[in-house]
Amino acid sequence: MAVASPARTTALRILGAQRRRNARARDLMRGAREMDMLGHKARSLATRLVLGVNVASGELDRRIDSFVTHASALQPRVRDALRLAAFEVLYLETPRQVAVSQGVELVRSVQPRAARMANAVLRRIADCRGEVDDAGETVRIAASGEVRGITPAQLSMTSGYPEWLASRLLDELGECRAAAMCSCALDPAPVYVTRGTAAGSATEVFSRLEGIEAEPSPTGLPGSWRLASGARLASSGLVSSCDVAVADLSAQVVCRIAAPASGRVLEVGQGRGTKSLLLARAMDELGCEPAVVGCELVASKVRQSRDRMKRAGLSGQVSCVEFDGTRLADVSSLPGEFAGSFESVLVDAPCSGTGTMRRHPEIAWALDEGSLAGAPDSLSSLQSSLLAAASSRVAVGGCLVYATCSVLLCENAEVVDAFLASDAGSGFELANVMDALGIAALPVEARSRVSAWVDERGMFRSVPTPGGPDGHFCARLVRTR
């Protein structure tokens, strides 16, 4: 009798744990012993299944529910197994018979009497594969600009995203960029690393990366590489020692835009300190002694960031302060670290994360369109409050840099425009990110690559593409008075 493979049973257990704990898929995979016990090929399959089911969960449910007589009565564990099998049937290159058979065995493992139903449902879903392939091919061609008139339904079917989100991407990004983003939605996100400030030379770090078979290739930014394999990165000690920092290429560019050649940087939304490391490195390259003051609301992240700066040897250059960034304009309540003005203020705003959905696949179907903008408690309202408060800490002649990892206008250009039209923004002017010192100092080839992501107003707007970095936004505002 056939049995489900270890990769698929491991993926199913992780999906079940995720549902019960309401946890992030990557966090569970990172701590799962079963994942560590799998071989490289099996671990890759389990990872693709878990992330893919998360990205396309709503689309998979639509398919399943259309073929199940009493869909609302499906046990959660059975639905988990059907989702996993349906994803493999519709989106991976596994032979149809194998994918269906393995899906039936997954269902049998959680509810034996549902195996016959699973066989019938998965075979009917498999009949839809041609429709999915046709949509995917059209979208891939549209990404090259050779086809016009793609529909939100085709984008949704290809990416697994909700159709309302696909429609919004089409409206705001245009056909080519929306198609490119959706065509790679189910692909693994690239792994990028950058050299730590105290890590030795770029040549030494490159050699160490080669030594763990990471197959590094230069990105064009100094001391920055894309890894063909990150499998041995965690166990190598390179990350824990802060000799390298794992950071998307677009995030590296944002920090170069925010880095001054002198003075201090205020980082609003410090998180766990990744951008602090990038800012310190960028300032060091510009010949400036790193001086970063981090503002973070979540206490646990502040503790993690402090520990990370200690390991990186940056405790004296980078501060980590627990504080609400929306109160930065209230001088009476400011901690001493925020006294005075700053040559650069980076607002790394909380956002929908739509530019990082390959890494955080839960985002697509957890998003509520109504929560993005308009309401007092919307993301755009919080982003505007942070930007206005942070602007009070910028020195005359200094820069206010607003950044998100979203690709949506309501969180990006619209927030910037609203700020510039407000009293708080009256002393600021929009400046081209290409004129930032950290970008101007780059080699010509690297500057050319960055410029491809800069729009006609001088704002940085990267969008996920096959084999490319995440989607990030960055606007640079100069204080004139």
# chains A, B, ... in the order shown; residues from 1 in each chain; ligands from 1
>>> closest_atom_pairs(of="range 230-259 of chain A", to="range 201-207 of chain A", cutoff="12 Å", atoms="only C-alpha atoms", output="tab-separated table")
residue	atom	partner	partner_atom	distance
A:Leu238	CA	A:Val205	CA	8.9
A:Val239	CA	A:Val205	CA	11.5
A:Cys242	CA	A:Val205	CA	11.3
A:Asp243	CA	A:Val205	CA	7.6
A:Val244	CA	A:Val205	CA	7.8
A:Ala245	CA	A:Val205	CA	11.3
>>> write_last_selection(atoms="N, CA and C atoms", output="short mmCIF file (atom, residue, chain, number, x, y, z; two decimals), in the first residue's frame")
data_model
loop_
_atom_site.label_atom_id
_atom_site.label_comp_id
_atom_site.auth_asym_id
_atom_site.auth_seq_id
_atom_site.Cartn_x
_atom_site.Cartn_y
_atom_site.Cartn_z
N LEU A 238 28.11 32.45 10.38
CA LEU A 238 28.33 33.75 9.74
C LEU A 238 27.25 34.75 10.13
N VAL A 239 26.02 34.29 10.28
CA VAL A 239 24.92 35.19 10.63
C VAL A 239 24.93 35.51 12.12
N CYS A 242 27.31 38.00 13.05
CA CYS A 242 27.10 39.25 12.31
C CYS A 242 28.20 39.56 11.32
N ASP A 243 28.94 38.52 10.91
CA ASP A 243 29.92 38.71 9.83
C ASP A 243 29.20 38.95 8.51
N VAL A 244 28.01 38.40 8.38
CA VAL A 244 27.12 38.76 7.27
C VAL A 244 25.74 39.02 7.84
N ALA A 245 24.99 39.84 7.15
CA ALA A 245 23.59 40.08 7.48
C ALA A 245 22.74 39.64 6.30
#
>>> closest_atom_pairs(of="range 413-454 of chain A", to="range 274-288 of chain A", cutoff="12 Å", atoms="only C-alpha atoms", output="tab-separated table")
residue	atom	partner	partner_atom	distance
A:Ala436	CA	A:Leu286	CA	11.4
A:Leu437	CA	A:Leu286	CA	7.9
A:Gly438	CA	A:Ala282	CA	6.8
A:Ile439	CA	A:Ala282	CA	9.9
A:Ala440	CA	A:Leu286	CA	10.5
A:Ala441	CA	A:Leu286	CA	8.0
A:Leu442	CA	A:Glu285	CA	10.3
>>> select_by_dssp(residues="range 162-314 of chain A", states="alpha helix (DSSP H)", output="ChimeraX atom specification")
/A:163-173,175-183,202-211,233-236,249-258,274-285,299-311
>>> closest_residue(among="A:Val463, A:Ala452, A:Gly425, A:Pro76", to="Arg481 in chain A", atoms="only C-alpha atoms")
A:Gly425
>>> atom_distance(atom1="CA of Ala135 in chain A", atom2="CA of Ser159 in chain A")
9.9 Å
>>> residues_around(residues="range 54-64 of chain A", least_positions_apart="3", cutoff="7 Å", atoms="only C-alpha atoms", output="list in words")
Val50, Leu51, Phe67, Val68, Arg83, Ala86, Phe87, Ile125, Gly160, Tyr161, Pro162, Pro361, Glu362, Ala364 and Trp365 of chain A
>>> residues_around(residues="range 308-318 of chain A", least_positions_apart="6", cutoff="8 Å", atoms="only C-alpha atoms", output="list in words")
Gly196, Thr197, Ala198, Ser240, Ser241, Cys242, Asp243, Arg272, Gly273, Ser276, Leu277, Ala280, Glu289, Pro290, Ala291, Val292, Val293 and Gly294 of chain A
>>> write_last_selection(atoms="all heavy atoms", output="short mmCIF file (atom, residue, chain, number, x, y, z; two decimals), in the first residue's frame")
data_model
loop_
_atom_site.label_atom_id
_atom_site.label_comp_id
_atom_site.auth_asym_id
_atom_site.auth_seq_id
_atom_site.Cartn_x
_atom_site.Cartn_y
_atom_site.Cartn_z
N GLY A 196 29.29 42.26 7.14
CA GLY A 196 29.16 43.02 8.38
C GLY A 196 30.25 44.06 8.50
O GLY A 196 31.31 43.98 7.85
N THR A 197 30.04 45.05 9.37
CA THR A 197 30.99 46.16 9.51
C THR A 197 32.35 45.70 9.99
O THR A 197 33.39 46.21 9.55
CB THR A 197 30.43 47.19 10.52
OG1 THR A 197 29.13 47.61 10.07
CG2 THR A 197 31.32 48.41 10.63
N ALA A 198 32.39 44.70 10.89
CA ALA A 198 33.66 44.25 11.46
C ALA A 198 34.07 42.87 10.95
O ALA A 198 34.80 42.14 11.60
CB ALA A 198 33.56 44.23 12.99
N SER A 240 25.07 34.49 12.96
CA SER A 240 25.04 34.72 14.41
C SER A 240 26.18 35.62 14.86
O SER A 240 26.04 36.38 15.82
CB SER A 240 25.09 33.38 15.16
OG SER A 240 26.27 32.67 14.83
N SER A 241 27.30 35.57 14.16
CA SER A 241 28.44 36.43 14.51
C SER A 241 28.33 37.82 13.89
O SER A 241 29.16 38.69 14.17
CB SER A 241 29.74 35.78 14.03
OG SER A 241 29.76 35.71 12.60
N CYS A 242 27.31 38.00 13.05
CA CYS A 242 27.10 39.25 12.31
C CYS A 242 28.20 39.56 11.32
O CYS A 242 28.41 40.71 10.92
CB CYS A 242 26.89 40.44 13.26
SG CYS A 242 25.42 40.30 14.29
N ASP A 243 28.94 38.52 10.91
CA ASP A 243 29.92 38.71 9.83
C ASP A 243 29.20 38.95 8.51
O ASP A 243 29.74 39.60 7.61
CB ASP A 243 30.83 37.49 9.72
CG ASP A 243 31.85 37.43 10.84
OD1 ASP A 243 32.07 38.47 11.49
OD2 ASP A 243 32.39 36.36 11.09
N ARG A 272 14.33 44.24 14.61
CA ARG A 272 15.38 43.40 15.21
C ARG A 272 16.78 43.84 14.78
O ARG A 272 17.74 43.14 14.99
CB ARG A 272 15.15 41.93 14.85
CG ARG A 272 13.84 41.38 15.42
CD ARG A 272 13.56 39.97 14.94
NE ARG A 272 12.34 39.43 15.53
CZ ARG A 272 11.11 39.64 15.07
NH1 ARG A 272 10.95 40.39 13.98
NH2 ARG A 272 10.06 39.13 15.66
N GLY A 273 16.87 45.00 14.14
CA GLY A 273 18.17 45.60 13.91
C GLY A 273 18.83 45.34 12.57
O GLY A 273 19.98 45.75 12.37
N SER A 276 19.68 48.56 10.98
CA SER A 276 20.72 49.23 11.78
C SER A 276 22.10 48.76 11.33
O SER A 276 23.03 49.57 11.19
CB SER A 276 20.54 48.91 13.26
OG SER A 276 19.30 49.35 13.74
N LEU A 277 22.25 47.45 11.12
CA LEU A 277 23.51 46.92 10.62
C LEU A 277 23.84 47.48 9.25
O LEU A 277 24.99 47.83 8.96
CB LEU A 277 23.45 45.39 10.55
CG LEU A 277 23.27 44.64 11.88
CD1 LEU A 277 23.09 43.15 11.62
CD2 LEU A 277 24.46 44.87 12.80
N ALA A 280 24.86 51.20 9.54
CA ALA A 280 26.22 51.33 10.07
C ALA A 280 27.25 51.01 9.01
O ALA A 280 28.28 51.70 8.88
CB ALA A 280 26.39 50.42 11.29
N GLU A 289 31.84 57.84 11.03
CA GLU A 289 31.71 56.98 12.20
C GLU A 289 30.23 56.64 12.40
O GLU A 289 29.39 57.53 12.56
CB GLU A 289 32.23 57.69 13.45
CG GLU A 289 32.06 56.92 14.75
CD GLU A 289 32.97 55.71 14.84
OE1 GLU A 289 33.98 55.65 14.10
OE2 GLU A 289 32.68 54.83 15.67
N PRO A 290 29.85 55.36 12.36
CA PRO A 290 28.43 55.01 12.50
C PRO A 290 27.84 55.54 13.80
O PRO A 290 28.44 55.39 14.88
CB PRO A 290 28.45 53.48 12.49
CG PRO A 290 29.69 53.12 11.74
CD PRO A 290 30.69 54.17 12.12
N ALA A 291 26.68 56.18 13.70
CA ALA A 291 25.96 56.69 14.87
C ALA A 291 24.48 56.57 14.57
O ALA A 291 23.90 57.43 13.90
CB ALA A 291 26.35 58.14 15.15
N VAL A 292 23.88 55.49 15.04
CA VAL A 292 22.48 55.19 14.76
C VAL A 292 21.72 55.10 16.07
O VAL A 292 22.14 54.40 16.99
CB VAL A 292 22.34 53.86 13.98
CG1 VAL A 292 20.87 53.57 13.69
CG2 VAL A 292 23.16 53.89 12.70
N VAL A 293 20.60 55.80 16.13
CA VAL A 293 19.71 55.72 17.29
C VAL A 293 18.43 55.06 16.82
O VAL A 293 17.73 55.59 15.95
CB VAL A 293 19.42 57.11 17.89
CG1 VAL A 293 18.47 56.98 19.08
CG2 VAL A 293 20.71 57.79 18.31
N GLY A 294 18.13 53.90 17.38
CA GLY A 294 16.95 53.15 16.96
C GLY A 294 15.76 53.38 17.87
O GLY A 294 15.91 53.40 19.10
#
>>> select_by_dssp(residues="range 107-231 of chain A", states="strand (DSSP E or B)", output="PyMOL selection string")
chain A and resi 191-195+216-218+224-227
>>> write_last_selection(atoms="all heavy atoms", output="JSON list (two decimals), in the first residue's frame")
[["chain", "number", "residue", "atom", "x", "y", "z"],
["A", 191, "VAL", "N", 18.00, 34.77, -1.89],
["A", 191, "VAL", "CA", 18.68, 35.03, -0.62],
["A", 191, "VAL", "C", 19.84, 35.97, -0.89],
["A", 191, "VAL", "O", 20.73, 35.67, -1.69],
["A", 191, "VAL", "CB", 19.20, 33.73, 0.02],
["A", 191, "VAL", "CG1", 19.94, 34.04, 1.33],
["A", 191, "VAL", "CG2", 18.06, 32.76, 0.27],
["A", 192, "TYR", "N", 19.83, 37.13, -0.22],
["A", 192, "TYR", "CA", 20.90, 38.10, -0.35],
["A", 192, "TYR", "C", 21.58, 38.30, 1.00],
["A", 192, "TYR", "O", 20.92, 38.29, 2.05],
["A", 192, "TYR", "CB", 20.36, 39.46, -0.82],
["A", 192, "TYR", "CG", 19.74, 39.46, -2.19],
["A", 192, "TYR", "CD1", 18.36, 39.35, -2.36],
["A", 192, "TYR", "CD2", 20.53, 39.59, -3.33],
["A", 192, "TYR", "CE1", 17.78, 39.35, -3.62],
["A", 192, "TYR", "CE2", 19.96, 39.61, -4.59],
["A", 192, "TYR", "CZ", 18.59, 39.49, -4.73],
["A", 192, "TYR", "OH", 18.02, 39.49, -5.99],
["A", 193, "VAL", "N", 22.88, 38.51, 0.98],
["A", 193, "VAL", "CA", 23.61, 38.83, 2.20],
["A", 193, "VAL", "C", 24.56, 39.98, 1.93],
["A", 193, "VAL", "O", 24.94, 40.26, 0.78],
["A", 193, "VAL", "CB", 24.43, 37.62, 2.74],
["A", 193, "VAL", "CG1", 23.52, 36.46, 3.10],
["A", 193, "VAL", "CG2", 25.49, 37.19, 1.74],
["A", 194, "THR", "N", 24.92, 40.66, 3.01],
["A", 194, "THR", "CA", 25.90, 41.74, 2.90],
["A", 194, "THR", "C", 26.93, 41.60, 4.01],
["A", 194, "THR", "O", 26.64, 41.04, 5.07],
["A", 194, "THR", "CB", 25.20, 43.12, 2.98],
["A", 194, "THR", "OG1", 26.16, 44.16, 2.78],
["A", 194, "THR", "CG2", 24.53, 43.33, 4.33],
["A", 195, "ARG", "N", 28.12, 42.07, 3.76],
["A", 195, "ARG", "CA", 29.21, 41.96, 4.72],
["A", 195, "ARG", "C", 28.96, 42.81, 5.96],
["A", 195, "ARG", "O", 28.50, 43.94, 5.87],
["A", 195, "ARG", "CB", 30.52, 42.39, 4.04],
["A", 195, "ARG", "CG", 31.76, 42.33, 4.93],
["A", 195, "ARG", "CD", 33.00, 42.72, 4.15],
["A", 195, "ARG", "NE", 32.99, 44.12, 3.74],
["A", 195, "ARG", "CZ", 33.41, 45.13, 4.50],
["A", 195, "ARG", "NH1", 33.85, 44.88, 5.72],
["A", 195, "ARG", "NH2", 33.37, 46.36, 4.04],
["A", 216, "PRO", "N", 28.04, 32.19, -3.79],
["A", 216, "PRO", "CA", 27.73, 33.63, -3.84],
["A", 216, "PRO", "C", 28.04, 34.24, -5.20],
["A", 216, "PRO", "O", 29.02, 33.87, -5.85],
["A", 216, "PRO", "CB", 28.64, 34.21, -2.76],
["A", 216, "PRO", "CG", 29.81, 33.26, -2.72],
["A", 216, "PRO", "CD", 29.23, 31.90, -2.98],
["A", 217, "SER", "N", 27.21, 35.18, -5.62],
["A", 217, "SER", "CA", 27.49, 35.95, -6.83],
["A", 217, "SER", "C", 27.26, 37.42, -6.51],
["A", 217, "SER", "O", 26.31, 37.77, -5.82],
["A", 217, "SER", "CB", 26.59, 35.51, -7.99],
["A", 217, "SER", "OG", 25.23, 35.62, -7.63],
["A", 218, "PRO", "N", 28.14, 38.32, -6.96],
["A", 218, "PRO", "CA", 28.03, 39.75, -6.62],
["A", 218, "PRO", "C", 26.72, 40.35, -7.12],
["A", 218, "PRO", "O", 26.24, 40.02, -8.21],
["A", 218, "PRO", "CB", 29.23, 40.36, -7.34],
["A", 218, "PRO", "CG", 30.17, 39.23, -7.58],
["A", 218, "PRO", "CD", 29.32, 38.03, -7.81],
["A", 224, "SER", "N", 28.19, 42.75, -1.21],
["A", 224, "SER", "CA", 26.83, 42.22, -1.23],
["A", 224, "SER", "C", 26.75, 41.09, -2.25],
["A", 224, "SER", "O", 27.27, 41.22, -3.36],
["A", 224, "SER", "CB", 25.85, 43.34, -1.58],
["A", 224, "SER", "OG", 24.54, 42.84, -1.80],
["A", 225, "TRP", "N", 26.09, 39.99, -1.86],
["A", 225, "TRP", "CA", 26.01, 38.84, -2.74],
["A", 225, "TRP", "C", 24.63, 38.20, -2.71],
["A", 225, "TRP", "O", 23.92, 38.27, -1.71],
["A", 225, "TRP", "CB", 27.03, 37.76, -2.31],
["A", 225, "TRP", "CG", 28.43, 38.24, -2.28],
["A", 225, "TRP", "CD1", 29.32, 38.28, -3.31],
["A", 225, "TRP", "CD2", 29.13, 38.78, -1.14],
["A", 225, "TRP", "NE1", 30.51, 38.80, -2.90],
["A", 225, "TRP", "CE2", 30.43, 39.11, -1.57],
["A", 225, "TRP", "CE3", 28.77, 39.01, 0.20],
["A", 225, "TRP", "CZ2", 31.37, 39.67, -0.71],
["A", 225, "TRP", "CZ3", 29.71, 39.57, 1.05],
["A", 225, "TRP", "CH2", 30.99, 39.88, 0.60],
["A", 226, "ARG", "N", 24.30, 37.59, -3.83],
["A", 226, "ARG", "CA", 23.13, 36.71, -3.87],
["A", 226, "ARG", "C", 23.65, 35.28, -3.73],
["A", 226, "ARG", "O", 24.64, 34.90, -4.36],
["A", 226, "ARG", "CB", 22.38, 36.86, -5.20],
["A", 226, "ARG", "CG", 21.23, 35.87, -5.30],
["A", 226, "ARG", "CD", 20.43, 36.03, -6.57],
["A", 226, "ARG", "NE", 19.49, 34.93, -6.70],
["A", 226, "ARG", "CZ", 18.56, 34.85, -7.63],
["A", 226, "ARG", "NH1", 18.44, 35.81, -8.52],
["A", 226, "ARG", "NH2", 17.74, 33.82, -7.68],
["A", 227, "LEU", "N", 22.97, 34.47, -2.91],
["A", 227, "LEU", "CA", 23.38, 33.10, -2.68],
["A", 227, "LEU", "C", 22.51, 32.13, -3.47],
["A", 227, "LEU", "O", 21.29, 32.23, -3.43],
["A", 227, "LEU", "CB", 23.29, 32.75, -1.19],
["A", 227, "LEU", "CG", 24.03, 33.69, -0.22],
["A", 227, "LEU", "CD1", 23.94, 33.12, 1.20],
["A", 227, "LEU", "CD2", 25.47, 33.90, -0.63]]
>>> residues_around(residues="Asp324 in chain A", least_positions_apart="6", cutoff="10 Å", atoms="only C-alpha atoms", output="PyMOL selection string")
chain A and resi 268-269+295-298+334+386
>>> residues_around(residues="Phe338 in chain A", least_positions_apart="2", cutoff="8 Å", atoms="only C-alpha atoms", output="PyMOL selection string")
chain A and resi 266+293+334-336+340-341+393
>>> write_last_selection(atoms="all heavy atoms", output="mmCIF file, in the first residue's frame")
data_model
loop_
_atom_site.group_PDB
_atom_site.id
_atom_site.type_symbol
_atom_site.label_atom_id
_atom_site.label_comp_id
_atom_site.auth_asym_id
_atom_site.auth_seq_id
_atom_site.Cartn_x
_atom_site.Cartn_y
_atom_site.Cartn_z
ATOM 1 N N LEU A 266 18.534 58.685 12.891
ATOM 2 C CA LEU A 266 17.442 58.172 13.720
ATOM 3 C C LEU A 266 16.677 57.157 12.887
ATOM 4 O O LEU A 266 16.195 57.476 11.796
ATOM 5 C CB LEU A 266 16.514 59.312 14.153
ATOM 6 C CG LEU A 266 15.223 58.899 14.865
ATOM 7 C CD1 LEU A 266 15.493 58.115 16.136
ATOM 8 C CD2 LEU A 266 14.364 60.139 15.171
ATOM 9 N N VAL A 293 20.599 55.802 16.132
ATOM 10 C CA VAL A 293 19.713 55.719 17.291
ATOM 11 C C VAL A 293 18.426 55.059 16.825
ATOM 12 O O VAL A 293 17.730 55.592 15.954
ATOM 13 C CB VAL A 293 19.421 57.106 17.893
ATOM 14 C CG1 VAL A 293 18.471 56.978 19.079
ATOM 15 C CG2 VAL A 293 20.712 57.786 18.313
ATOM 16 N N LEU A 334 10.533 62.914 25.393
ATOM 17 C CA LEU A 334 11.590 62.256 24.628
ATOM 18 C C LEU A 334 12.699 61.710 25.526
ATOM 19 O O LEU A 334 13.191 62.417 26.408
ATOM 20 C CB LEU A 334 12.218 63.229 23.628
ATOM 21 C CG LEU A 334 11.450 63.561 22.357
ATOM 22 C CD1 LEU A 334 12.258 64.536 21.513
ATOM 23 C CD2 LEU A 334 11.135 62.318 21.558
ATOM 24 N N PRO A 335 13.108 60.470 25.303
ATOM 25 C CA PRO A 335 14.308 59.962 25.973
ATOM 26 C C PRO A 335 15.528 60.769 25.538
ATOM 27 O O PRO A 335 15.538 61.384 24.465
ATOM 28 C CB PRO A 335 14.407 58.513 25.473
ATOM 29 C CG PRO A 335 13.032 58.160 25.015
ATOM 30 C CD PRO A 335 12.453 59.444 24.472
ATOM 31 N N GLY A 336 16.566 60.748 26.350
ATOM 32 C CA GLY A 336 17.749 61.542 26.078
ATOM 33 C C GLY A 336 18.410 61.227 24.755
ATOM 34 O O GLY A 336 19.003 62.112 24.117
ATOM 35 N N GLY A 340 18.025 66.752 20.446
ATOM 36 C CA GLY A 340 18.664 67.405 19.313
ATOM 37 C C GLY A 340 18.091 66.927 17.991
ATOM 38 O O GLY A 340 17.091 66.212 17.934
ATOM 39 N N SER A 341 18.727 67.313 16.916
ATOM 40 C CA SER A 341 18.256 66.938 15.587
ATOM 41 C C SER A 341 19.209 65.937 14.949
ATOM 42 O O SER A 341 20.337 65.739 15.414
ATOM 43 C CB SER A 341 18.121 68.180 14.699
ATOM 44 O OG SER A 341 19.353 68.874 14.630
ATOM 45 N N ARG A 393 12.369 65.669 14.021
ATOM 46 C CA ARG A 393 13.725 65.393 14.499
ATOM 47 C C ARG A 393 14.785 65.641 13.418
ATOM 48 O O ARG A 393 15.968 65.422 13.646
ATOM 49 C CB ARG A 393 13.859 63.933 14.977
ATOM 50 C CG ARG A 393 12.775 63.401 15.888
ATOM 51 C CD ARG A 393 12.360 64.309 17.005
ATOM 52 N NE ARG A 393 13.461 64.868 17.748
ATOM 53 C CZ ARG A 393 13.408 66.022 18.407
ATOM 54 N NH1 ARG A 393 12.307 66.744 18.379
ATOM 55 N NH2 ARG A 393 14.459 66.448 19.078
#
>>> closest_residue(among="A:Ile14, A:Ala329, A:Ala118, A:Leu92", to="Leu106 in chain A", atoms="only C-alpha atoms")
A:Ala118
>>> closest_atom_pairs(of="range 343-413 of chain A", to="range 20-31 of chain A", cutoff="12 Å", atoms="only C-alpha atoms", output="JSON lines")
{"residue": "A:Met357", "atom": "CA", "partner": "A:Arg26", "partner_atom": "CA", "distance": 11.9}
{"residue": "A:Arg358", "atom": "CA", "partner": "A:Arg26", "partner_atom": "CA", "distance": 10.9}
{"residue": "A:Arg359", "atom": "CA", "partner": "A:Arg26", "partner_atom": "CA", "distance": 8.0}
{"residue": "A:His360", "atom": "CA", "partner": "A:Arg26", "partner_atom": "CA", "distance": 7.6}
{"residue": "A:Pro361", "atom": "CA", "partner": "A:Ala25", "partner_atom": "CA", "distance": 7.9}
{"residue": "A:Glu362", "atom": "CA", "partner": "A:Arg24", "partner_atom": "CA", "distance": 7.2}
{"residue": "A:Ile363", "atom": "CA", "partner": "A:Arg24", "partner_atom": "CA", "distance": 9.9}
{"residue": "A:Ala366", "atom": "CA", "partner": "A:Asn22", "partner_atom": "CA", "distance": 11.3}
>>> write_last_selection(atoms="N, CA, C and O atoms", output="mmCIF file, in the first residue's frame")
data_model
loop_
_atom_site.group_PDB
_atom_site.id
_atom_site.type_symbol
_atom_site.label_atom_id
_atom_site.label_comp_id
_atom_site.auth_asym_id
_atom_site.auth_seq_id
_atom_site.Cartn_x
_atom_site.Cartn_y
_atom_site.Cartn_z
ATOM 1 N N MET A 357 5.719 39.117 -0.215
ATOM 2 C CA MET A 357 4.813 37.973 -0.067
ATOM 3 C C MET A 357 5.458 36.640 -0.432
ATOM 4 O O MET A 357 4.963 35.585 -0.024
ATOM 5 N N ARG A 358 6.562 36.652 -1.188
ATOM 6 C CA ARG A 358 7.268 35.393 -1.436
ATOM 7 C C ARG A 358 7.896 34.882 -0.146
ATOM 8 O O ARG A 358 8.041 33.673 0.053
ATOM 9 N N ARG A 359 8.295 35.798 0.730
ATOM 10 C CA ARG A 359 8.917 35.424 2.011
ATOM 11 C C ARG A 359 7.883 35.234 3.109
ATOM 12 O O ARG A 359 8.091 34.450 4.040
ATOM 13 N N HIS A 360 6.804 35.983 3.035
ATOM 14 C CA HIS A 360 5.768 35.950 4.071
ATOM 15 C C HIS A 360 4.428 35.652 3.405
ATOM 16 O O HIS A 360 3.595 36.541 3.200
ATOM 17 N N PRO A 361 4.223 34.399 3.034
ATOM 18 C CA PRO A 361 3.076 34.043 2.181
ATOM 19 C C PRO A 361 1.718 34.200 2.844
ATOM 20 O O PRO A 361 0.699 34.218 2.153
ATOM 21 N N GLU A 362 1.681 34.325 4.170
ATOM 22 C CA GLU A 362 0.390 34.492 4.846
ATOM 23 C C GLU A 362 -0.271 35.824 4.506
ATOM 24 O O GLU A 362 -1.484 35.986 4.664
ATOM 25 N N ILE A 363 0.530 36.785 4.043
ATOM 26 C CA ILE A 363 0.037 38.152 3.852
ATOM 27 C C ILE A 363 -1.130 38.218 2.874
ATOM 28 O O ILE A 363 -2.137 38.887 3.132
ATOM 29 N N ALA A 366 -4.490 37.264 4.259
ATOM 30 C CA ALA A 366 -4.798 37.888 5.544
ATOM 31 C C ALA A 366 -5.119 39.368 5.376
ATOM 32 O O ALA A 366 -5.689 39.989 6.274
#
>>> closest_residue(among="A:Thr151, A:Ser392, A:Thr9, A:Thr219", to="Val104 in chain A", atoms="only C-alpha atoms")
A:Thr9
>>> residues_around(residues="Val416 in chain A", least_positions_apart="5", cutoff="12 Å", atoms="only C-alpha atoms", output="ChimeraX atom specification")
/A:347,349,380-381,383-388,391,400-404,409-411,421-422,424-426,428-431,457,459,473-477
>>> write_last_selection(atoms="C-alpha atoms", output="PDB file, in the first residue's frame")
ATOM      1  CA  VAL A 347      11.048  55.929   8.924  1.00  0.00           C
ATOM      2  CA  ALA A 349       7.055  52.219   8.466  1.00  0.00           C
ATOM      3  CA  SER A 380      -1.896  54.662   6.021  1.00  0.00           C
ATOM      4  CA  SER A 381      -3.110  56.656   9.022  1.00  0.00           C
ATOM      5  CA  GLN A 383       2.207  55.673   8.532  1.00  0.00           C
ATOM      6  CA  SER A 384       1.233  59.336   8.219  1.00  0.00           C
ATOM      7  CA  SER A 385       1.417  59.825  11.995  1.00  0.00           C
ATOM      8  CA  LEU A 386       4.896  58.297  12.166  1.00  0.00           C
ATOM      9  CA  LEU A 387       6.157  60.377   9.249  1.00  0.00           C
ATOM     10  CA  ALA A 388       4.828  63.623  10.696  1.00  0.00           C
ATOM     11  CA  SER A 391       9.947  64.920  10.660  1.00  0.00           C
ATOM     12  CA  LEU A 400      13.779  62.415   6.012  1.00  0.00           C
ATOM     13  CA  VAL A 401      13.590  58.995   4.348  1.00  0.00           C
ATOM     14  CA  TYR A 402      10.248  57.202   4.282  1.00  0.00           C
ATOM     15  CA  ALA A 403      10.350  53.482   3.458  1.00  0.00           C
ATOM     16  CA  THR A 404       7.998  50.499   3.289  1.00  0.00           C
ATOM     17  CA  LEU A 409       0.273  53.505  -3.640  1.00  0.00           C
ATOM     18  CA  CYS A 410      -1.911  54.141  -0.588  1.00  0.00           C
ATOM     19  CA  GLU A 411       1.039  53.234   1.669  1.00  0.00           C
ATOM     20  CA  ALA A 421       0.729  68.991   1.702  1.00  0.00           C
ATOM     21  CA  SER A 422       0.486  69.171   5.526  1.00  0.00           C
ATOM     22  CA  ALA A 424       4.458  69.235   9.199  1.00  0.00           C
ATOM     23  CA  GLY A 425       5.710  68.744   5.643  1.00  0.00           C
ATOM     24  CA  SER A 426       5.747  72.396   4.606  1.00  0.00           C
ATOM     25  CA  PHE A 428      10.410  69.656   3.140  1.00  0.00           C
ATOM     26  CA  GLU A 429      10.996  69.046  -0.558  1.00  0.00           C
ATOM     27  CA  LEU A 430      11.008  65.748  -2.452  1.00  0.00           C
ATOM     28  CA  ALA A 431      14.533  64.895  -3.650  1.00  0.00           C
ATOM     29  CA  ARG A 457       9.545  61.639  -9.414  1.00  0.00           C
ATOM     30  CA  MET A 459      11.259  57.738  -5.663  1.00  0.00           C
ATOM     31  CA  PHE A 473       9.452  51.836  -1.596  1.00  0.00           C
ATOM     32  CA  CYS A 474      11.602  54.746  -0.516  1.00  0.00           C
ATOM     33  CA  ALA A 475      11.154  58.499  -0.785  1.00  0.00           C
ATOM     34  CA  ARG A 476      13.826  61.021   0.192  1.00  0.00           C
ATOM     35  CA  LEU A 477      12.712  64.377   1.565  1.00  0.00           C
TER      36      LEU A 477
END
>>> closest_residue(among="A:Leu346, A:Ala228, A:Leu49, A:Ala11", to="Met35 in chain A", atoms="only C-alpha atoms")
A:Ala11
>>> closest_atom_pairs(of="range 338-374 of chain A", to="range 251-259 of chain A", cutoff="12 Å", atoms="only C-alpha atoms", output="Markdown table")
| residue | atom | partner | partner_atom | distance |
| --- | --- | --- | --- | --- |
| A:Phe342 | CA | A:Ala259 | CA | 11.4 |
| A:Glu343 | CA | A:Ala259 | CA | 9.1 |
| A:Ser344 | CA | A:Ala258 | CA | 6.4 |
| A:Val345 | CA | A:Ala258 | CA | 7.3 |
| A:Leu346 | CA | A:Ala258 | CA | 6.2 |
| A:Val347 | CA | A:Ala258 | CA | 9.6 |
| A:Asp348 | CA | A:Val254 | CA | 9.6 |
| A:Gly355 | CA | A:Ala251 | CA | 11.1 |
| A:Thr356 | CA | A:Ala251 | CA | 11.0 |
